[in-house]
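Colleague: Before I ask anything, let me first share the structure, which is written out below as structure tokens.
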Amino acid sequence: MFQTLINAFRNKEVRTKILFTLLVLFIYRVGCWIPVPGLDTSALAAQFAATENTNTFLSLLNGITGDALQNGALLALGISPYINASIISQLLTIAIPALERWSKQGDEGKRKMAMFTRVLTVVLAVVQSVGIVVSFGTAGYLSAGDNNVFFFDMPVVLLGFLIGIVLVGGAVFTMWLGEKLTDLGIGNGISLIIFVGILSTAGIAVVENIALWGTDENAPWYLVIFLLLVVVIFGLITFIDGAERKVPVQYAKQIKGRKQYGGQSTHIPIKVNASGVLPIIFATAIITFPQLIMQMIPGATPNWWTDLFGTGQPLYFVLSGLLILFFSYFYAMIQFQPDEVARNLQQYGGFIPGIRPGKATAEYLRKVNKRLTLFGAIYLAFVFIVPSVVFAILQNVAGFSSSLTNAFSSTGMLIVVSVALEFQKQLESQLMMRQYRGFLK
């Protein structure tokens, strides 16, 4: 990884892309600290500090945006609406024929899908901003009078409307930054924005722990043990992320004229965890969505859903595990099409040794994919549940700082590892492309 970075900075074009990426990410992080006009940010930060052990919709959103929501920042919604819109768009391609046609129309279809995703992002941003503003208004965080930076008194309803517009605008601006990163920077801009937000949350937690070293003699040991556990979990995630089943494929020899074609051996790579972190994101979104709805309904407290399915509750882990298993299989059905793969193999004269071409090959690939999906789903459920339980035990029994144990969620660790590996592959492909370009010149 370090050698790849060194080689990348030696290339002028790649170095420019990296510097542009760093500049855009810096702008994003600045936007995560500029407060929204009209919010009582001090009371908001105190409330988040008091409820940092709960896993409500707002706390999850705050963690993935690097404490932007806690700061009452312009980019408090972050990239969350765009992520949800992208996921919904992919799922709707199965149910809506028009979207399915767009997904298969090449560049023109991609542009239509991108526009549909943008519109859906705005709709979801409006829904989330309404939920957040209503929640803030109920808690009394909408300041007025002397604390109002609009410089004149206004009704709370109008103030909430203006704050909602700012939050929606921040979400659209974040989406635009992500798209610019993808077009002009290195790698997937949306993933990099999430990556930076999670690392920022973890960095703030480490700094807070270091600040306690003078008053708490156990604080350094807490940090060392926590970092060791994170390294072990990162190693497990990296090991499984690159695991794949290589199904051997042999191409029959064909003689056309005086030339012989085929005869070579290759393989079909089927990843153990092909769905990545998406099943966990789906599961988390479903569990936290009722909380968002209840926060928009006055008088819905106490939140019985949080009491039953909040972090640390047995039903929370049971429901999360079941949803992860379901979405792992659901996403595998979308991504891998055994019938289409078998048809392409048969068309080009390929076959799996010992398996008849056609229907038998499709059944064999489907069987292999189901087994790998089951293992990948169990792995995702394990990574999602076990670290959370271990960190909760360390916090409640050993007295670990809650800021440390909440710094890296299981979803966050999976995202960090996945994005880091993807970023390395993008750098290597950029370097390889420019090496070939120089060779051709």
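Here's how to read the names in the structure tokens: chain A, B, ... by the order shown, residue numbers from 1 in each chain, ligand numbers from 1 in the order shown.
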At a cut-off of 6 Å, using only C-alpha atoms, what residues contact Gly178 of chain A? Leave out same-chain residues fewer than 2 positions from it and give the result as a VMD selection string.
Modeller: chain A and resid 175 to 176 180 to 181 189 to 190
Colleague: Deliver the residues from the most recent selection as a file, using all heavy atoms, as a compact mmCIF listing (two decimals), in the first residue's frame.
Modeller:
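Generated output (selection.txt):
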# COMPACT_ATOMS: atom_id res chain seq x y z
N MET A 175 -23.65 15.28 -2.18
CA MET A 175 -23.79 14.39 -3.33
C MET A 175 -22.96 14.90 -4.50
O MET A 175 -22.30 14.12 -5.20
CB MET A 175 -25.26 14.28 -3.72
CG MET A 175 -25.53 13.47 -4.97
SD MET A 175 -27.29 13.46 -5.43
CE MET A 175 -27.54 15.19 -5.83
N TRP A 176 -22.99 16.21 -4.74
CA TRP A 176 -22.21 16.81 -5.83
C TRP A 176 -20.71 16.61 -5.60
O TRP A 176 -19.97 16.30 -6.53
CB TRP A 176 -22.55 18.29 -5.93
CG TRP A 176 -21.82 19.00 -7.03
CD1 TRP A 176 -22.13 18.99 -8.36
CD2 TRP A 176 -20.67 19.84 -6.89
NE1 TRP A 176 -21.23 19.76 -9.05
CE2 TRP A 176 -20.32 20.29 -8.18
CE3 TRP A 176 -19.90 20.23 -5.79
CZ2 TRP A 176 -19.23 21.13 -8.40
CZ3 TRP A 176 -18.81 21.07 -6.01
CH2 TRP A 176 -18.49 21.50 -7.30
N LYS A 180 -18.12 14.60 -8.07
CA LYS A 180 -16.88 15.21 -8.58
C LYS A 180 -15.67 14.38 -8.20
O LYS A 180 -14.70 14.27 -8.97
CB LYS A 180 -16.75 16.64 -8.04
CG LYS A 180 -17.74 17.62 -8.64
CD LYS A 180 -17.57 17.69 -10.14
CE LYS A 180 -18.59 18.59 -10.79
NZ LYS A 180 -18.47 18.59 -12.28
N LEU A 181 -15.67 13.81 -7.00
CA LEU A 181 -14.57 12.93 -6.60
C LEU A 181 -14.48 11.73 -7.52
O LEU A 181 -13.39 11.29 -7.90
CB LEU A 181 -14.76 12.48 -5.15
CG LEU A 181 -14.26 13.42 -4.05
CD1 LEU A 181 -14.58 12.84 -2.68
CD2 LEU A 181 -12.76 13.64 -4.18
N GLY A 189 -16.15 8.36 -5.03
CA GLY A 189 -16.21 9.51 -4.14
C GLY A 189 -17.16 9.32 -2.97
O GLY A 189 -16.88 9.80 -1.87
N ILE A 190 -18.27 8.62 -3.20
CA ILE A 190 -19.24 8.40 -2.11
C ILE A 190 -18.59 7.57 -1.00
O ILE A 190 -18.72 7.88 0.19
CB ILE A 190 -20.48 7.70 -2.65
CG1 ILE A 190 -21.08 8.48 -3.84
CG2 ILE A 190 -21.50 7.51 -1.56
CD1 ILE A 190 -21.45 9.90 -3.52
Colleague: List the spatial neighbours of Glu100 of chain A as a list in words - criterion: any atom at most 10 Å away, only C-alpha atoms, same-chain residues fewer than 6 positions off excluded.
Modeller: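 These residues fall inside the cut-off: Ser89, Gln90, Leu91, Leu92, Thr93, Ile94, Gly109 and Met113 of chain A.
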Colleague: Save out the residues we just selected, C-alpha atoms, as an mmCIF file, in the first residue's frame.
Modeller:
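Writing the result to part.cif gives the following:
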data_model
loop_
_atom_site.group_PDB
_atom_site.id
_atom_site.type_symbol
_atom_site.label_atom_id
_atom_site.label_comp_id
_atom_site.auth_asym_id
_atom_site.auth_seq_id
_atom_site.Cartn_x
_atom_site.Cartn_y
_atom_site.Cartn_z
ATOM 1 C CA SER A 89 -32.711 2.460 -7.181
ATOM 2 C CA GLN A 90 -30.918 -0.867 -7.458
ATOM 3 C CA LEU A 91 -33.792 -2.692 -5.783
ATOM 4 C CA LEU A 92 -36.406 -0.974 -7.957
ATOM 5 C CA THR A 93 -34.689 -2.186 -11.142
ATOM 6 C CA ILE A 94 -36.146 -5.608 -10.304
ATOM 7 C CA GLY A 109 -29.256 4.342 -19.429
ATOM 8 C CA MET A 113 -30.470 6.123 -13.677
#
Colleague: Might you pull out every residue within 10 Å of Ile34 of chain A, with only C-alpha atoms counted and same-chain residues fewer than 6 positions away left off, and present them as a list in words?
Modeller: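 Residues meeting the cut-off are Ala68, Asn71, Gly72, Ala73, Leu74, Leu75 and Ala76 of chain A.
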Colleague: Which polymer residues have any atom within 8 Å of an atom of Ala171 of chain A, counting only C-alpha atoms, with same-chain residues fewer than 4 positions away left out, as a PyMOL selection string?
Modeller: chain A and resi 75-79+81-82+122+125+167+175
Colleague: Given the selection you just returned, output its residues as a file containing C-alpha atoms, formatted as a compact mmCIF listing (two decimals), in the first residue's frame.
Modeller:
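Produced file part24.txt, reproduced below:
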# COMPACT_ATOMS: atom_id res chain seq x y z
CA LEU A 75 -23.58 18.95 5.99
CA ALA A 76 -25.27 17.17 8.90
CA LEU A 77 -27.18 14.78 6.62
CA GLY A 78 -23.95 13.85 4.87
CA ILE A 79 -24.11 11.30 2.09
CA PRO A 81 -29.69 10.23 1.52
CA TYR A 82 -27.65 9.47 -1.61
CA VAL A 122 -33.60 15.04 -2.78
CA ALA A 125 -33.15 14.32 2.12
CA LEU A 167 -29.96 20.58 5.54
CA MET A 175 -23.79 14.39 -3.33
Colleague: With a distance cut-off of 8 Å and only C-alpha atoms, select the neighbouring residues of Ala342 of chain A, excluding the residue or stretch itself and same-chain residues fewer than 2 positions from it, and output the selection as an MDAnalysis selection string.
Modeller: chainID A and resid 338:340 344:346 357:359 361:362
Colleague: Could you turn the residues from that selection into a file that holds C-alpha atoms, as a compact mmCIF listing (two decimals), in the first residue's frame?
Modeller:
# COMPACT_ATOMS: atom_id res chain seq x y z
CA PRO A 338 -26.06 -18.62 -12.96
CA ASP A 339 -28.33 -19.12 -16.00
CA GLU A 340 -26.73 -16.24 -17.88
CA ASN A 344 -22.41 -17.54 -22.12
CA LEU A 345 -20.07 -20.45 -21.38
CA GLN A 346 -21.97 -22.74 -23.71
CA PRO A 357 -23.04 -27.62 -20.32
CA GLY A 358 -26.35 -25.81 -20.09
CA LYS A 359 -28.84 -26.47 -17.30
CA THR A 361 -23.82 -25.98 -15.28
CA ALA A 362 -26.36 -23.39 -14.11
